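Undergrad: Contents of final_5.tsv (TSV, C-alpha atoms) are given next:
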```tsv
chain	number	residue	atom	x	y	z
A	1	GLN	CA	-183.13	3.65	-44.90
A	2	VAL	CA	-179.92	1.67	-44.92
A	3	GLN	CA	-176.54	3.32	-45.43
A	4	VAL	CA	-173.69	1.35	-46.97
A	5	VAL	CA	-169.94	1.92	-46.84
A	6	GLU	CA	-167.35	0.10	-48.93
A	7	SER	CA	-163.85	-0.86	-47.81
A	8	GLY	CA	-161.04	-3.08	-48.99
A	9	GLY	CA	-159.97	-1.35	-52.17
A	10	GLY	CA	-156.37	-0.87	-53.13
A	11	LEU	CA	-153.54	-1.80	-55.45
A	12	VAL	CA	-153.01	-5.39	-56.54
A	13	GLN	CA	-150.87	-7.07	-59.19
A	14	PRO	CA	-152.48	-8.83	-62.14
A	15	GLY	CA	-153.58	-12.29	-61.08
A	16	GLY	CA	-153.91	-11.21	-57.47
A	17	SER	CA	-156.91	-11.08	-55.16
A	18	LEU	CA	-158.81	-8.53	-53.12
A	19	ARG	CA	-161.89	-8.67	-50.96
A	20	LEU	CA	-164.28	-5.75	-50.83
A	21	SER	CA	-166.61	-5.27	-47.89
A	22	CYS	CA	-169.93	-3.47	-47.80
A	23	ALA	CA	-170.97	-2.61	-44.27
A	24	ALA	CA	-174.50	-1.48	-43.60
A	25	SER	CA	-176.01	0.65	-40.89
A	26	GLY	CA	-179.44	2.03	-40.18
A	27	SER	CA	-181.31	-1.13	-41.04
A	28	ILE	CA	-181.13	-4.91	-41.05
A	29	LEU	CA	-179.20	-5.92	-44.13
A	30	ASP	CA	-180.88	-9.27	-44.63
A	31	ASP	CA	-184.02	-7.46	-45.75
A	32	TYR	CA	-182.13	-6.01	-48.72
A	33	THR	CA	-180.81	-7.17	-52.02
A	34	ILE	CA	-177.20	-5.99	-52.27
A	35	GLY	CA	-175.22	-5.35	-55.39
A	36	TRP	CA	-171.70	-4.48	-56.46
A	37	PHE	CA	-171.40	-2.17	-59.43
A	38	ARG	CA	-168.50	-0.58	-61.28
A	39	GLN	CA	-168.03	2.17	-63.81
A	40	ALA	CA	-164.90	2.42	-65.88
A	41	PRO	CA	-164.02	5.76	-67.49
A	42	GLY	CA	-166.08	6.34	-70.58
A	43	LYS	CA	-168.32	3.37	-69.95
A	44	GLU	CA	-171.74	2.83	-68.46
A	45	ARG	CA	-172.03	1.57	-64.92
A	46	GLU	CA	-172.45	-2.19	-64.87
A	47	GLY	CA	-173.68	-4.65	-62.32
A	48	VAL	CA	-170.83	-6.92	-61.27
A	49	SER	CA	-172.63	-9.16	-58.81
A	50	CYS	CA	-175.79	-9.06	-56.73
A	51	ILE	CA	-177.16	-11.16	-53.89
A	52	SER	CA	-180.69	-11.57	-52.60
A	53	GLY	CA	-181.48	-10.94	-48.98
A	54	ARG	CA	-184.47	-13.26	-49.19
A	55	ASP	CA	-182.83	-16.52	-50.28
A	56	GLY	CA	-179.17	-15.79	-50.90
A	57	SER	CA	-179.47	-16.30	-54.64
A	58	THR	CA	-176.81	-14.56	-56.69
A	59	HIS	CA	-176.11	-13.10	-60.09
A	60	TYR	CA	-172.76	-12.47	-61.75
A	61	ALA	CA	-171.77	-10.57	-64.84
A	62	ASP	CA	-170.35	-12.93	-67.46
A	63	SER	CA	-166.98	-11.18	-67.28
A	64	VAL	CA	-166.46	-12.11	-63.62
A	65	LYS	CA	-168.03	-15.57	-63.40
A	66	GLY	CA	-165.61	-18.05	-61.88
A	67	ARG	CA	-163.36	-15.29	-60.55
A	68	PHE	CA	-165.55	-13.21	-58.24
A	69	THR	CA	-167.68	-14.47	-55.36
A	70	ILE	CA	-170.34	-12.48	-53.52
A	71	SER	CA	-171.37	-13.48	-50.01
A	72	ARG	CA	-173.13	-12.00	-47.03
A	73	ASP	CA	-172.77	-12.24	-43.28
A	74	ASN	CA	-176.06	-11.05	-41.88
A	75	ALA	CA	-174.78	-11.26	-38.32
A	76	LYS	CA	-172.17	-8.65	-39.22
A	77	ASN	CA	-174.53	-6.75	-41.51
A	78	THR	CA	-171.89	-7.00	-44.21
A	79	VAL	CA	-171.66	-8.20	-47.81
A	80	TYR	CA	-168.37	-9.21	-49.38
A	81	LEU	CA	-167.02	-9.41	-52.90
A	82	GLN	CA	-164.04	-11.75	-53.19
A	83	MET	CA	-162.16	-10.96	-56.37
A	84	ASN	CA	-159.59	-13.44	-57.68
A	85	SER	CA	-157.46	-13.53	-60.82
A	86	LEU	CA	-157.77	-9.79	-61.18
A	87	LYS	CA	-156.96	-8.20	-64.52
A	88	PRO	CA	-155.83	-4.66	-65.39
A	89	GLU	CA	-159.20	-4.05	-67.03
A	90	ASN	CA	-160.84	-4.57	-63.63
A	91	THR	CA	-159.29	-1.27	-62.53
A	92	THR	CA	-162.03	1.16	-61.57
A	93	VAL	CA	-164.24	2.24	-58.67
A	94	TYR	CA	-166.56	-0.38	-57.23
A	95	TYR	CA	-169.80	0.67	-55.60
A	96	CYS	CA	-172.03	-1.14	-53.14
A	97	ALA	CA	-175.77	-0.61	-53.39
A	98	ALA	CA	-178.78	-1.78	-51.41
A	99	GLU	CA	-182.46	-1.88	-52.11
A	100	VAL	CA	-185.29	-3.50	-50.15
A	101	TRP	CA	-187.90	-3.40	-52.94
A	102	ILE	CA	-185.83	-5.30	-55.52
A	103	THR	CA	-185.86	-8.99	-54.63
A	104	SER	CA	-184.19	-10.45	-57.72
A	105	PRO	CA	-180.41	-10.14	-57.86
A	106	GLN	CA	-180.51	-10.56	-61.64
A	107	ILE	CA	-182.95	-7.69	-62.07
A	108	MET	CA	-180.98	-5.52	-59.68
A	109	CYS	CA	-177.71	-6.09	-61.51
A	110	ILE	CA	-179.01	-5.84	-65.05
A	111	GLU	CA	-181.92	-3.44	-65.29
A	112	ALA	CA	-182.91	-1.79	-62.02
A	113	GLN	CA	-180.01	0.52	-61.14
A	114	THR	CA	-182.19	3.61	-61.37
A	115	LEU	CA	-184.49	2.17	-58.73
A	116	ILE	CA	-181.77	1.63	-56.12
A	117	SER	CA	-182.06	4.04	-53.22
A	118	SER	CA	-178.84	3.45	-51.27
A	119	TRP	CA	-175.37	3.76	-52.76
A	120	GLY	CA	-171.94	3.82	-51.17
A	121	HIS	CA	-169.20	6.25	-52.13
A	122	GLY	CA	-167.10	3.60	-53.82
A	123	ALA	CA	-163.84	1.73	-53.36
A	124	LYS	CA	-161.03	2.14	-55.87
A	125	ILE	CA	-159.39	-0.99	-57.27
A	126	THR	CA	-156.16	-0.68	-59.23
A	127	VAL	CA	-154.76	-3.76	-60.93
A	128	SER	CA	-151.26	-3.02	-62.10
A	129	SER	CA	-147.76	-4.41	-62.01
```
Represent the structure contained in this file as C-alpha cells.
TA:
Amino acid sequence: QVQVVESGGGLVQPGGSLRLSCAASGSILDDYTIGWFRQAPGKEREGVSCISGRDGSTHYADSVKGRFTISRDNAKNTVYLQMNSLKPENTTVYYCAAEVWITSPQIMCIEAQTLISSWGHGAKITVSS
C-alpha cells in the first residue's frame, strides 16, 4: 500500500502562490489516482483537485478552477498542487490521498472519499497579510 506525505505548506499573502507536493513511497504512484482535499473548520472535507494515474485526466472544484493546477511527475513519484491567486478563505489544512481502485478523478474528488485507503497527515496553508 502506498504512503503519501505532503510538503510545501506555509504562510502566504493574499494573491500569492504556493506549491504543495505529495511524495509517495511503498508503491508506484502512476498506478494510483491522487487527490488533494481540504477541510476548513466547521465544514465538510472537500475535494480540491484530483488526477488520474491511468490517463492524467483531472478534476477541479469550481472554487479553484483557473487558479490551481494539479500535475504529477511519475519519475519522482510525486504529485503537485500549484496554487495561485490565493485567498484568505483558502486557509486550512490540505491533505493528499491516493487510491488504486478509483480510476476517475471526478468520482474520487466528489463522492468516493470514504473509499480512499491512503491519506497524508496534511499541510497547513495560511493566507494572510
Undergrad: Identify the residues around (-169.5, 1.9, -55.2) within a radius of 6 Å, measuring from all atoms listed in the file in the coordinates stated by the file, and give them as a PyMOL selection string.
TA: chain A and resi 94-96+120-123
Undergrad: The selected residues should be written to file as a tab-separated table (two decimals), in the coordinates of the input (atoms: C-alpha atoms).
TA:
```tsv
chain	number	residue	atom	x	y	z
A	94	TYR	CA	-166.56	-0.38	-57.23
A	95	TYR	CA	-169.80	0.67	-55.60
A	96	CYS	CA	-172.03	-1.14	-53.14
A	120	GLY	CA	-171.94	3.82	-51.17
A	121	HIS	CA	-169.20	6.25	-52.13
A	122	GLY	CA	-167.10	3.60	-53.82
A	123	ALA	CA	-163.84	1.73	-53.36
```
Undergrad: Would you please work out which residue, of A:Ile51, A:Ala112, A:Val12, A:Ala98, is nearest to A:Leu81 when using only C-alpha atoms?
TA: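 Nearest candidate to A:Leu81 out of A:Ile51, A:Ala112, A:Val12, A:Ala98: A:Ile51.
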Undergrad: Kindly give the distance, in Å, that separates atom CA of A:Leu11 and atom CA of A:Thr58, rounded to a single decimal.
TA: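 Atom-to-atom, atom CA of A:Leu11 and atom CA of A:Thr58 are spaced 26.6 Å apart.
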Undergrad: What's the 7 Å shell around stretch 30-42 of chain A, counting all atoms listed in the file, without same-chain residues fewer than 3 positions away, as a ChimeraX atom specification?
TA: /A:45-54,74,92-100,102-103,105,109
Undergrad: Kindly indicate which residue among A:Ser118, A:Thr69, A:Asn90, A:Ser57 lies nearest to A:Ala24, using only C-alpha atoms for the distances.
TA: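 Among the listed residues, A:Ser118 lies closest to A:Ala24.
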Undergrad: Can you work out which one of A:Ser129, A:Gly56, A:Ser17, A:Ser117 has the shortest atom-to-atom distance to A:Val79, counting all atoms listed in the file?
TA: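 Of A:Ser129, A:Gly56, A:Ser17, A:Ser117, the one nearest A:Val79 is A:Gly56, counting all atoms listed in the file.
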Undergrad: Tell me, as a PyMOL selection string, which residues lie within 9 Å of A:Asn84, counting all atoms listed in the file; anything in the same chain fewer than 6 positions away does not count.
TA: chain A and resi 15-19+66-69
Undergrad: Looking at A:Ser27, A:Asn77, A:Gln106, A:Gln13, which one is nearest to A:Ile125, with distances taken over all atoms listed in the file?
TA: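 Among A:Ser27, A:Asn77, A:Gln106, A:Gln13, it is A:Gln13 that comes nearest to A:Ile125.
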Undergrad: Using all atoms listed in the file for the distances, tell me which of A:Tyr80, A:Glu89, A:Lys65, A:Glu44 is nearest to A:Gln113.
TA: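 Nearest candidate to A:Gln113 out of A:Tyr80, A:Glu89, A:Lys65, A:Glu44: A:Glu44.
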Undergrad: When you count all atoms listed in the file, which of these residues is closest to A:Ser128: A:Thr91, A:Ser7, A:Ser85, A:Ser63?
TA: A:Thr91
Undergrad: So how many Å separate atom CA of A:Ala75 and atom CA of A:Gln1, to one decimal?
TA: 18.3 Å
Undergrad: Report, as JSON, the axis-aligned box around all atoms of stretch 114-124 of chain A present in the file, extended by 3 Å on each side; give centre and edge lengths in Å to one decimal place.
TA:
```
{"center_x": -172.8, "center_y": 3.9, "center_z": -56.3, "size_x": 29.5, "size_y": 10.6, "size_z": 16.2}
```
Undergrad: Contacts of A:Thr78 at 6 Å or less, counting all atoms listed in the file, minus same-chain residues fewer than 5 places along, as a ChimeraX atom specification?
TA: /A:22-23,72-73
Undergrad: Could you check how far atom CA of A:Val5 sits from atom CA of A:Lys43, in Å to one decimal?
TA: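 Between atom CA of A:Val5 and atom CA of A:Lys43 the gap works out to 23.2 Å.
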